[in-house]
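Raw contents of structure_12.pdb, PDB, C-alpha atoms, pLDDT in the B column:
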MODEL        1
ATOM      1  CA  MET A1026       1.915  27.812  10.880  1.00 87.00           C
ATOM      2  CA  ARG A1027       1.136  24.898   8.563  1.00 95.00           C
ATOM      3  CA  PHE A1028      -1.522  24.243   5.977  1.00 97.00           C
ATOM      4  CA  ALA A1029      -3.727  21.416   4.757  1.00 97.00           C
ATOM      5  CA  ILE A1030      -5.929  21.128   1.682  1.00 97.00           C
ATOM      6  CA  ILE A1031      -9.696  20.618   1.700  1.00 97.00           C
ATOM      7  CA  ASP A1032     -11.986  19.951  -1.236  1.00 95.00           C
ATOM      8  CA  GLY A1033     -15.303  21.663  -1.939  1.00 94.00           C
ATOM      9  CA  ARG A1034     -17.047  19.471   0.665  1.00 95.00           C
ATOM     10  CA  GLY A1035     -14.577  20.455   3.361  1.00 95.00           C
ATOM     11  CA  VAL A1036     -12.920  17.031   3.413  1.00 97.00           C
ATOM     12  CA  PHE A1037      -9.172  16.878   4.018  1.00 97.00           C
ATOM     13  CA  TYR A1038      -6.660  15.712   1.416  1.00 96.00           C
ATOM     14  CA  THR A1039      -4.807  12.764   2.896  1.00 95.00           C
ATOM     15  CA  VAL A1040      -2.689  10.997   0.259  1.00 94.00           C
ATOM     16  CA  GLN A1041      -2.189  10.563  -3.449  1.00 92.00           C
ATOM     17  CA  LYS A1042      -3.581   7.236  -4.558  1.00 91.00           C
ATOM     18  CA  GLU A1043      -2.397   5.309  -7.583  1.00 91.00           C
ATOM     19  CA  ILE A1044      -5.380   4.888  -9.867  1.00 92.00           C
ATOM     20  CA  GLU A1045      -3.733   3.352 -12.902  1.00 94.00           C
ATOM     21  CA  THR A1046      -0.548   1.448 -13.703  1.00 95.00           C
ATOM     22  CA  ILE A1047       0.447   1.671 -17.344  1.00 95.00           C
ATOM     23  CA  PRO A1048       3.030  -0.866 -18.530  1.00 95.00           C
ATOM     24  CA  ILE A1049       5.909   0.427 -20.619  1.00 95.00           C
ATOM     25  CA  LEU A1050       6.848  -1.980 -23.401  1.00 96.00           C
ATOM     26  CA  ALA A1051      10.147  -1.981 -25.246  1.00 95.00           C
ATOM     27  CA  PRO A1052       9.574  -0.181 -28.545  1.00 95.00           C
ATOM     28  CA  THR A1053      12.318  -2.190 -30.240  1.00 95.00           C
ATOM     29  CA  ASP A1054      14.893  -4.879 -29.534  1.00 94.00           C
ATOM     30  CA  ILE A1055      17.435  -3.523 -27.041  1.00 91.00           C
ATOM     31  CA  PRO A1056      20.849  -5.207 -26.747  1.00 91.00           C
ATOM     32  CA  ARG A1057      22.342  -5.469 -23.246  1.00 86.00           C
ATOM     33  CA  PRO A1058      26.086  -6.062 -22.868  1.00 83.00           C
ATOM     34  CA  GLY A1059      26.689  -9.116 -20.739  1.00 82.00           C
ATOM     35  CA  SER A1060      23.036 -10.076 -20.581  1.00 84.00           C
ATOM     36  CA  SER A1061      20.268 -11.359 -22.797  1.00 89.00           C
ATOM     37  CA  PRO A1062      18.713  -8.710 -25.047  1.00 92.00           C
ATOM     38  CA  ILE A1063      15.368  -7.136 -24.308  1.00 93.00           C
ATOM     39  CA  LYS A1064      12.914  -8.050 -27.031  1.00 94.00           C
ATOM     40  CA  LYS A1065      10.478  -5.629 -28.626  1.00 95.00           C
ATOM     41  CA  GLY A1066       7.259  -5.700 -26.605  1.00 95.00           C
ATOM     42  CA  ASP A1067       8.900  -6.868 -23.359  1.00 94.00           C
ATOM     43  CA  HIS A1068       7.636  -5.209 -20.181  1.00 95.00           C
ATOM     44  CA  ILE A1069      10.460  -2.862 -19.117  1.00 91.00           C
ATOM     45  CA  GLY A1070       8.765  -0.641 -16.555  1.00 91.00           C
ATOM     46  CA  ASP A1071       5.562   1.097 -15.497  1.00 93.00           C
ATOM     47  CA  ASP A1072       4.045   4.550 -15.578  1.00 92.00           C
ATOM     48  CA  HIS A1073       1.985   5.420 -12.531  1.00 91.00           C
ATOM     49  CA  VAL A1074      -1.072   7.648 -12.562  1.00 91.00           C
ATOM     50  CA  PHE A1075      -2.001   9.240  -9.241  1.00 91.00           C
ATOM     51  CA  ALA A1076      -5.016  11.182  -8.042  1.00 93.00           C
ATOM     52  CA  PRO A1077      -5.568  13.048  -4.776  1.00 95.00           C
ATOM     53  CA  LEU A1078      -7.687  11.291  -2.185  1.00 95.00           C
ATOM     54  CA  PHE A1079      -9.969  13.373   0.036  1.00 95.00           C
ATOM     55  CA  ASP A1080     -11.251  11.011   2.672  1.00 92.00           C
ATOM     56  CA  SER A1081     -11.041  12.395   6.186  1.00 93.00           C
ATOM     57  CA  LEU A1082     -12.839  15.008   8.240  1.00 95.00           C
ATOM     58  CA  LYS A1083     -10.103  14.883  10.879  1.00 92.00           C
ATOM     59  CA  GLU A1084      -7.221  17.326  10.777  1.00 92.00           C
ATOM     60  CA  MET A1085      -5.004  14.610  12.245  1.00 88.00           C
ATOM     61  CA  ASP A1086      -5.379  12.567   9.049  1.00 90.00           C
ATOM     62  CA  ALA A1087      -4.583  15.409   6.670  1.00 95.00           C
ATOM     63  CA  SER A1088      -1.325  15.839   4.809  1.00 96.00           C
ATOM     64  CA  LYS A1089       0.300  18.973   6.197  1.00 96.00           C
ATOM     65  CA  PHE A1090       2.308  21.464   4.173  1.00 97.00           C
ATOM     66  CA  ASP A1091       5.154  23.574   5.469  1.00 97.00           C
ATOM     67  CA  THR A1092       3.816  26.786   3.919  1.00 96.00           C
ATOM     68  CA  GLU A1093       0.646  27.878   2.142  1.00 97.00           C
ATOM     69  CA  ALA A1094       2.715  28.221  -1.040  1.00 97.00           C
ATOM     70  CA  ASP A1095       3.604  24.523  -0.795  1.00 97.00           C
ATOM     71  CA  ALA A1096      -0.062  23.597  -0.476  1.00 97.00           C
ATOM     72  CA  LEU A1097      -1.067  25.851  -3.365  1.00 97.00           C
ATOM     73  CA  ALA A1098       1.694  24.337  -5.518  1.00 97.00           C
ATOM     74  CA  GLN A1099       0.277  20.879  -4.810  1.00 96.00           C
ATOM     75  CA  ILE A1100      -3.237  22.023  -5.789  1.00 96.00           C
ATOM     76  CA  ALA A1101      -1.873  23.548  -8.994  1.00 96.00           C
ATOM     77  CA  ALA A1102      -0.027  20.315  -9.805  1.00 94.00           C
ATOM     78  CA  TRP A1103      -3.322  18.397  -9.757  1.00 93.00           C
ATOM     79  CA  GLY A1104      -4.788  20.483 -12.580  1.00 92.00           C
ATOM     80  CA  ASP A1105      -8.526  19.859 -12.934  1.00 91.00           C
ATOM     81  CA  ALA A1106      -8.555  17.559  -9.903  1.00 89.00           C
ATOM     82  CA  GLY A1107      -7.551  20.538  -7.781  1.00 92.00           C
ATOM     83  CA  LYS A1108     -10.478  22.720  -8.783  1.00 93.00           C
ATOM     84  CA  GLY A1109     -12.521  23.826  -5.781  1.00 94.00           C
ATOM     85  CA  CYS A1110      -9.748  22.939  -3.340  1.00 96.00           C
ATOM     86  CA  LYS A1111      -8.720  25.410  -0.656  1.00 96.00           C
ATOM     87  CA  THR A1112      -5.978  25.671   1.912  1.00 97.00           C
ATOM     88  CA  VAL A1113      -6.711  25.773   5.618  1.00 97.00           C
ATOM     89  CA  GLU A1114      -4.404  26.488   8.529  1.00 96.00           C
ATOM     90  CA  VAL A1115      -3.703  23.501  10.758  1.00 94.00           C
ATOM     91  CA  LYS A1116      -1.626  22.660  13.793  1.00 86.00           C
TER
ATOM     92  CA  MET B1164       2.287  11.170  23.747  1.00 49.00           C
ATOM     93  CA  PHE B1165       2.110   7.586  22.546  1.00 59.00           C
ATOM     94  CA  ILE B1166       4.219   5.247  20.466  1.00 73.00           C
ATOM     95  CA  GLY B1167       2.885   6.292  17.123  1.00 85.00           C
ATOM     96  CA  PRO B1168       2.763   4.845  13.644  1.00 92.00           C
ATOM     97  CA  CYS B1169       5.709   4.303  11.311  1.00 95.00           C
ATOM     98  CA  TYR B1170       6.302   5.902   7.938  1.00 97.00           C
ATOM     99  CA  THR B1171       8.801   5.654   5.106  1.00 98.00           C
ATOM    100  CA  LEU B1172      10.188   8.548   3.110  1.00 98.00           C
ATOM    101  CA  LYS B1173      11.622   7.348  -0.209  1.00 98.00           C
ATOM    102  CA  ASN B1174      12.681   8.825  -3.511  1.00 97.00           C
ATOM    103  CA  ASN B1175      11.507   5.993  -5.813  1.00 96.00           C
ATOM    104  CA  GLY B1176      14.767   6.079  -7.796  1.00 97.00           C
ATOM    105  CA  VAL B1177      16.407   9.285  -9.017  1.00 97.00           C
ATOM    106  CA  SER B1178      19.447   9.753 -11.244  1.00 97.00           C
ATOM    107  CA  ILE B1179      22.099  11.372  -9.039  1.00 97.00           C
ATOM    108  CA  SER B1180      25.751  12.223  -9.603  1.00 96.00           C
ATOM    109  CA  THR B1181      26.469  14.945  -7.041  1.00 96.00           C
ATOM    110  CA  ALA B1182      26.884  15.174  -3.273  1.00 96.00           C
ATOM    111  CA  ILE B1183      23.322  16.276  -2.579  1.00 96.00           C
ATOM    112  CA  SER B1184      20.735  15.592   0.066  1.00 97.00           C
ATOM    113  CA  VAL B1185      18.910  12.690  -1.538  1.00 98.00           C
ATOM    114  CA  ILE B1186      15.894  12.815   0.776  1.00 98.00           C
ATOM    115  CA  GLN B1187      14.973  15.278   3.520  1.00 98.00           C
ATOM    116  CA  LEU B1188      12.502  14.891   6.385  1.00 98.00           C
ATOM    117  CA  LYS B1189      11.029  17.824   8.309  1.00 98.00           C
ATOM    118  CA  LEU B1190       8.876  16.861  11.250  1.00 96.00           C
ATOM    119  CA  GLY B1191       5.609  18.486  12.154  1.00 93.00           C
ATOM    120  CA  THR B1192       4.759  20.200  15.406  1.00 89.00           C
ATOM    121  CA  ASN B1193       2.789  17.451  17.116  1.00 89.00           C
ATOM    122  CA  GLY B1194       5.631  15.309  18.392  1.00 90.00           C
ATOM    123  CA  PRO B1195       9.193  14.075  17.884  1.00 94.00           C
ATOM    124  CA  ALA B1196      10.201  11.002  15.898  1.00 96.00           C
ATOM    125  CA  GLU B1197      12.823   8.320  16.053  1.00 96.00           C
ATOM    126  CA  LEU B1198      14.729   7.203  12.980  1.00 97.00           C
ATOM    127  CA  LEU B1199      14.374   3.453  12.574  1.00 97.00           C
ATOM    128  CA  ARG B1200      16.347   2.785   9.440  1.00 98.00           C
ATOM    129  CA  ALA B1201      17.938   4.455   6.432  1.00 98.00           C
ATOM    130  CA  SER B1202      19.248   3.046   3.215  1.00 98.00           C
ATOM    131  CA  GLN B1203      20.651   3.990  -0.136  1.00 98.00           C
ATOM    132  CA  THR B1204      21.098   1.547  -2.996  1.00 98.00           C
ATOM    133  CA  GLN B1205      21.293   1.946  -6.737  1.00 97.00           C
ATOM    134  CA  GLY B1206      19.778   0.039  -9.581  1.00 95.00           C
ATOM    135  CA  SER B1207      21.563   0.996 -12.780  1.00 94.00           C
ATOM    136  CA  SER B1208      25.344   0.662 -12.477  1.00 95.00           C
ATOM    137  CA  THR B1209      27.471  -2.491 -12.448  1.00 92.00           C
ATOM    138  CA  THR B1210      30.692  -0.555 -11.856  1.00 95.00           C
ATOM    139  CA  SER B1211      32.353  -0.862  -8.470  1.00 97.00           C
ATOM    140  CA  SER B1212      32.821   2.487  -6.754  1.00 97.00           C
ATOM    141  CA  GLN B1213      33.379   3.417  -3.130  1.00 97.00           C
ATOM    142  CA  ILE B1214      31.438   6.403  -1.754  1.00 97.00           C
ATOM    143  CA  ALA B1215      30.181   7.678   1.604  1.00 97.00           C
ATOM    144  CA  ALA B1216      26.801   8.874   2.781  1.00 97.00           C
ATOM    145  CA  LYS B1217      25.439  10.266   6.025  1.00 97.00           C
ATOM    146  CA  ILE B1218      22.438  11.106   8.115  1.00 98.00           C
ATOM    147  CA  VAL B1219      22.764  14.832   8.731  1.00 97.00           C
ATOM    148  CA  ARG B1220      20.689  17.176  10.842  1.00 97.00           C
ATOM    149  CA  LYS B1221      19.886  20.356   8.946  1.00 97.00           C
ATOM    150  CA  THR B1222      19.900  23.747  10.672  1.00 96.00           C
ATOM    151  CA  ALA B1223      18.446  25.266   7.503  1.00 97.00           C
ATOM    152  CA  ALA B1224      16.457  23.124   5.114  1.00 97.00           C
ATOM    153  CA  ALA B1225      17.704  22.154   1.691  1.00 97.00           C
ATOM    154  CA  THR B1226      15.568  23.155  -1.283  1.00 97.00           C
ATOM    155  CA  VAL B1227      13.937  19.974  -2.523  1.00 98.00           C
ATOM    156  CA  THR B1228      11.124  18.625  -4.651  1.00 97.00           C
ATOM    157  CA  ALA B1229       8.212  18.591  -2.217  1.00 97.00           C
ATOM    158  CA  GLY B1230       7.267  15.199  -0.850  1.00 97.00           C
ATOM    159  CA  VAL B1231       3.852  13.727  -1.629  1.00 96.00           C
ATOM    160  CA  ALA B1232       1.883  11.516   0.732  1.00 95.00           C
ATOM    161  CA  GLY B1233       1.172   8.241  -0.996  1.00 94.00           C
ATOM    162  CA  THR B1234       4.048   8.598  -3.449  1.00 94.00           C
ATOM    163  CA  THR B1235       7.219   9.509  -1.559  1.00 97.00           C
ATOM    164  CA  LEU B1236       5.892   9.528   2.019  1.00 97.00           C
ATOM    165  CA  LEU B1237       4.219   6.223   2.782  1.00 96.00           C
ATOM    166  CA  LYS B1238       2.326   4.757   5.728  1.00 94.00           C
ATOM    167  CA  GLN B1239       3.317   1.432   7.228  1.00 93.00           C
ATOM    168  CA  ASN B1240      -0.385   0.622   7.442  1.00 91.00           C
ATOM    169  CA  PRO B1241      -2.673   2.251   4.847  1.00 88.00           C
ATOM    170  CA  LEU B1242      -5.284   2.747   7.569  1.00 87.00           C
ATOM    171  CA  ASN B1243      -2.977   4.849   9.728  1.00 87.00           C
ATOM    172  CA  PRO B1244      -3.377   8.632   9.823  1.00 88.00           C
ATOM    173  CA  ALA B1245      -1.238  10.654   7.452  1.00 90.00           C
ATOM    174  CA  SER B1246       2.232  11.486   8.660  1.00 93.00           C
ATOM    175  CA  ASP B1247       2.585  14.681  10.667  1.00 94.00           C
ATOM    176  CA  ALA B1248       5.700  15.569   8.654  1.00 96.00           C
ATOM    177  CA  SER B1249       5.596  18.933   6.888  1.00 97.00           C
ATOM    178  CA  LEU B1250       5.608  18.646   3.110  1.00 97.00           C
ATOM    179  CA  GLY B1251       7.221  21.386   1.043  1.00 97.00           C
ATOM    180  CA  VAL B1252      10.155  22.662  -0.970  1.00 97.00           C
ATOM    181  CA  SER B1253      11.981  23.706   2.213  1.00 97.00           C
ATOM    182  CA  ALA B1254      10.667  20.771   4.218  1.00 97.00           C
ATOM    183  CA  THR B1255      10.001  17.088   3.553  1.00 98.00           C
ATOM    184  CA  GLY B1256      10.953  16.138   0.018  1.00 98.00           C
ATOM    185  CA  ILE B1257      13.505  14.586  -2.291  1.00 98.00           C
ATOM    186  CA  THR B1258      16.491  15.526  -4.476  1.00 98.00           C
ATOM    187  CA  ALA B1259      17.953  18.777  -3.200  1.00 97.00           C
ATOM    188  CA  THR B1260      18.860  21.536  -5.614  1.00 97.00           C
ATOM    189  CA  ALA B1261      20.293  23.798  -2.891  1.00 96.00           C
ATOM    190  CA  GLU B1262      21.702  22.468   0.330  1.00 95.00           C
ATOM    191  CA  GLY B1263      20.639  24.801   3.103  1.00 94.00           C
ATOM    192  CA  THR B1264      22.914  24.420   6.161  1.00 96.00           C
ATOM    193  CA  ASP B1265      24.189  21.124   7.499  1.00 97.00           C
ATOM    194  CA  GLY B1266      24.348  20.548  11.237  1.00 96.00           C
ATOM    195  CA  GLU B1267      25.856  17.546  12.953  1.00 96.00           C
ATOM    196  CA  ALA B1268      26.077  14.254  11.094  1.00 97.00           C
ATOM    197  CA  PRO B1269      25.717  11.509  13.724  1.00 97.00           C
ATOM    198  CA  ILE B1270      25.841   8.681  11.180  1.00 97.00           C
ATOM    199  CA  GLU B1271      28.253   8.478   8.269  1.00 97.00           C
ATOM    200  CA  ARG B1272      29.347   5.344   6.434  1.00 97.00           C
ATOM    201  CA  GLY B1273      31.527   4.477   3.475  1.00 97.00           C
ATOM    202  CA  HIS B1274      30.171   1.823   1.174  1.00 97.00           C
ATOM    203  CA  ASN B1275      30.406   0.372  -2.293  1.00 98.00           C
ATOM    204  CA  ILE B1276      27.536   1.339  -4.559  1.00 97.00           C
ATOM    205  CA  LEU B1277      27.283  -2.268  -5.749  1.00 97.00           C
ATOM    206  CA  ASN B1278      26.224  -3.225  -2.232  1.00 97.00           C
ATOM    207  CA  GLY B1279      24.486  -0.045  -1.149  1.00 97.00           C
ATOM    208  CA  TRP B1280      24.128   1.081   2.438  1.00 97.00           C
ATOM    209  CA  GLU B1281      21.608   0.084   5.083  1.00 97.00           C
ATOM    210  CA  TRP B1282      21.711   1.757   8.489  1.00 98.00           C
ATOM    211  CA  LEU B1283      19.721  -0.244  11.019  1.00 97.00           C
ATOM    212  CA  PRO B1284      20.492   1.053  14.507  1.00 97.00           C
ATOM    213  CA  THR B1285      19.996  -0.821  17.724  1.00 96.00           C
ATOM    214  CA  PRO B1286      16.979   0.561  19.618  1.00 94.00           C
ATOM    215  CA  GLU B1287      19.245   2.533  21.966  1.00 95.00           C
ATOM    216  CA  GLU B1288      21.031   4.139  19.019  1.00 96.00           C
ATOM    217  CA  ARG B1289      17.982   5.406  17.152  1.00 96.00           C
ATOM    218  CA  GLU B1290      18.492   9.083  16.479  1.00 97.00           C
ATOM    219  CA  LEU B1291      15.649  11.264  17.731  1.00 96.00           C
ATOM    220  CA  LEU B1292      14.329  14.158  15.734  1.00 96.00           C
ATOM    221  CA  PRO B1293      12.600  16.967  17.625  1.00 96.00           C
ATOM    222  CA  GLN B1294       9.352  18.678  16.614  1.00 94.00           C
ATOM    223  CA  GLY B1295      10.088  20.767  13.525  1.00 95.00           C
ATOM    224  CA  GLY B1296      13.515  19.159  13.212  1.00 97.00           C
ATOM    225  CA  ILE B1297      15.059  18.457   9.830  1.00 98.00           C
ATOM    226  CA  VAL B1298      17.225  15.511   8.852  1.00 98.00           C
ATOM    227  CA  ALA B1299      18.530  14.370   5.482  1.00 98.00           C
ATOM    228  CA  LEU B1300      20.211  11.381   3.924  1.00 98.00           C
ATOM    229  CA  LYS B1301      23.049  13.011   2.031  1.00 97.00           C
ATOM    230  CA  ASN B1302      25.938  11.771  -0.048  1.00 97.00           C
ATOM    231  CA  SER B1303      29.192  12.905   1.568  1.00 96.00           C
ATOM    232  CA  VAL B1304      31.002  12.757  -1.760  1.00 95.00           C
ATOM    233  CA  ALA B1305      29.805  12.944  -5.344  1.00 96.00           C
ATOM    234  CA  PRO B1306      28.736   9.419  -6.336  1.00 96.00           C
ATOM    235  CA  PRO B1307      29.062   8.022  -9.856  1.00 97.00           C
ATOM    236  CA  SER B1308      25.985   8.715 -11.928  1.00 97.00           C
ATOM    237  CA  ALA B1309      23.319   6.094 -11.297  1.00 97.00           C
ATOM    238  CA  THR B1310      19.695   5.718 -10.297  1.00 97.00           C
ATOM    239  CA  TYR B1311      19.794   5.853  -6.507  1.00 98.00           C
ATOM    240  CA  TYR B1312      17.044   4.592  -4.227  1.00 98.00           C
ATOM    241  CA  ALA B1313      17.023   6.202  -0.785  1.00 98.00           C
ATOM    242  CA  GLU B1314      14.741   5.607   2.176  1.00 98.00           C
ATOM    243  CA  ILE B1315      14.337   6.792   5.740  1.00 98.00           C
ATOM    244  CA  ALA B1316      11.951   4.883   8.001  1.00 98.00           C
ATOM    245  CA  PHE B1317      10.749   6.652  11.128  1.00 97.00           C
ATOM    246  CA  ARG B1318       8.250   6.368  13.939  1.00 96.00           C
ATOM    247  CA  GLU B1319       6.285   9.390  15.063  1.00 94.00           C
ATOM    248  CA  LEU B1320       5.866   9.870  18.806  1.00 92.00           C
ATOM    249  CA  ARG B1321       2.933  12.175  18.935  1.00 78.00           C
ATOM    250  CA  GLY B1322      -0.123  13.157  20.839  1.00 63.00           C
ATOM    251  CA  GLY B1323      -2.864  13.797  18.373  1.00 52.00           C
TER
ENDMDL
END
Let's see the structure in the file written out as structure tokens.
Amino acid sequence: MRFAIIDGRGVFYTVQKEIETIPILAPTDIPRPGSSPIKKGDHIGDDHVFAPLFDSLKEMDASKFDTEADALAQIAAWGDAGKGCKTVEVK
Amino acid sequence: MFIGPCYTLKNNGVSISTAISVIQLKLGTNGPAELLRASQTQGSSTTSSQIAAKIVRKTAAATVTAGVAGTTLLKQNPLNPASDASLGVSATGITATAEGTDGEAPIERGHNILNGWEWLPTPEERELLPQGGIVALKNSVAPPSATYYAEIAFRELRGG
């Protein structure tokens, strides 16, 4: 028995979609042994902001969870974005 | 059953220093899959060190951080249906905290972490994973601490 997640409209959760990429800038000069130093303000990485995407009415397209607890944990991890979501049993 | 779409399970870079299952794939019930490729590289250490890693079938799943479609489980084509793999803490996910039970390990290779490891089988050698089957990319020995990037690419052979 596996589970999927639907939103309040009954649409299946398919994937998490990146909605924002936030650059991480060096807060200070950072020396690097054997290489040129990173200067304050240099782009050193990115933070990624994701949101759940509900965009299919077909069970085949849904993300499937091993147990209902796994699906509920995913809903809980979304915080406000998970409000109104429910789990449904799928093949 | 048809030749279905391809997916990649990846960990996006995790600091690892123990002989854990780095990524774990548990298939769904709608069809088997063939493993197309697996790799492990690292992006933070410049120190030469020889380790070994393997593709291991699990008879009991490791406890992992649950995989997330769109973040750790990706489609080859964004328009494809979601993978049929089961997501969960005892299913598809990354970075094991408890190992479950290892079964046979058909692929195991030593490699230097400066080079990393890429397993690209010939078509005849692609390992098949049955419906509900579990496979992991696992370090055979404790590697030196580094940020490791692991991937398994697979094709689902499913009906619907």
Just need the residues of chain B within 7 Å of chain A, counting only C-alpha atoms, so spit them out as number ranges by chain. B: 1232-1234, 1244-1252, 1254, 1323
Given the file shown, enumerate the residues that the PyMOL selection byres ((chain B and resi 1208-1218) around 8) captures and present them as a list in words. Gln1205, Gly1206, Ser1207, Val1219, Arg1220, Ala1268, Pro1269, Ile1270, Glu1271, Arg1272, Gly1273, His1274, Asn1275, Ile1276, Leu1277, Val1298, Ala1299, Leu1300, Lys1301, Asn1302, Ser1303, Val1304, Ala1305, Pro1306, Pro1307, Ala1309 and Thr1310 of chain B
Out of A:Glu1045, A:Asp1032, A:Asp1080, A:Asp1071, which residue has the shortest atom-to-atom distance to Gly1107 of chain A when counting all atoms listed in the file?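 Checking each candidate against Gly1107 of chain A, we get A:Asp1032 as the closest.
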Give as a list in words the residues that the PyMOL selection byres ((chain A and resi 1034) around 12) matches when applied to the coordinates above.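 So the PyMOL selection byres ((chain A and resi 1034) around 12) ends up selecting Ile1030, Ile1031, Asp1032, Gly1033, Gly1035, Val1036, Phe1037, Tyr1038, Phe1079, Asp1080, Ser1081, Leu1082, Lys1108, Gly1109, Cys1110 and Lys1111 of chain A.
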Grab the residues selected above and save them as a PDB file, in the coordinates of the input with C-alpha atoms.
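What follows is the written file out.pdb:
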ATOM      1  CA  ILE A1030      -5.929  21.128   1.682  1.00 97.00           C
ATOM      2  CA  ILE A1031      -9.696  20.618   1.700  1.00 97.00           C
ATOM      3  CA  ASP A1032     -11.986  19.951  -1.236  1.00 95.00           C
ATOM      4  CA  GLY A1033     -15.303  21.663  -1.939  1.00 94.00           C
ATOM      5  CA  GLY A1035     -14.577  20.455   3.361  1.00 95.00           C
ATOM      6  CA  VAL A1036     -12.920  17.031   3.413  1.00 97.00           C
ATOM      7  CA  PHE A1037      -9.172  16.878   4.018  1.00 97.00           C
ATOM      8  CA  TYR A1038      -6.660  15.712   1.416  1.00 96.00           C
ATOM      9  CA  PHE A1079      -9.969  13.373   0.036  1.00 95.00           C
ATOM     10  CA  ASP A1080     -11.251  11.011   2.672  1.00 92.00           C
ATOM     11  CA  SER A1081     -11.041  12.395   6.186  1.00 93.00           C
ATOM     12  CA  LEU A1082     -12.839  15.008   8.240  1.00 95.00           C
ATOM     13  CA  LYS A1108     -10.478  22.720  -8.783  1.00 93.00           C
ATOM     14  CA  GLY A1109     -12.521  23.826  -5.781  1.00 94.00           C
ATOM     15  CA  CYS A1110      -9.748  22.939  -3.340  1.00 96.00           C
ATOM     16  CA  LYS A1111      -8.720  25.410  -0.656  1.00 96.00           C
TER      17      LYS A1111
END
Under the rule that all atoms listed in the file are counted, which of A:Ala1051, A:Ala1106, A:Ile1100, A:Ile1044 is the nearest residue to Ile1069 of chain A?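 Distance minimum relative to Ile1069 of chain A lands on A:Ala1051.
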Report the distance between atom CA of Val1185 of chain B and atom CA of Ile1257 of chain B in Å, rounded to one decimal place. 5.8 Å
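For the pair atom CA of Tyr1312 of chain B and atom CA of Thr1192 of chain B, the interatomic distance is 27.9 Å.
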Atom-to-atom span, atom CA of Ala1229 of chain B and atom CA of Gln1203 of chain B, Å: 19.3 Å
Once 6 Å is added on each side, what are the centre and the three edge lengths, in Å to one decimal, of the axis-aligned box enclosing the listed atoms of segment 1254-1271 of chain B? Present them as lines of an AutoDock Vina configuration file.
center_x = 19.1
center_y = 16.6
center_z = 4.1
size_x = 30.3
size_y = 28.3
size_z = 31.3
Once the PyMOL selection byres ((chain B and resi 1196) around 10) is applied to the coordinates I shared, what remains selected? I want it as an NGL selection string. :B and (1166-1169 or 1190-1191 or 1193-1195 or 1197-1199 or 1247-1248 or 1289-1294 or 1296 or 1317-1321)
Applying 10 Å and only C-alpha atoms, which residues near His1068 of chain A remain after dropping the ones on its own chain fewer than 3 positions away? List them as a ChimeraX atom specification. /A:1048-1052,1063-1065,1071
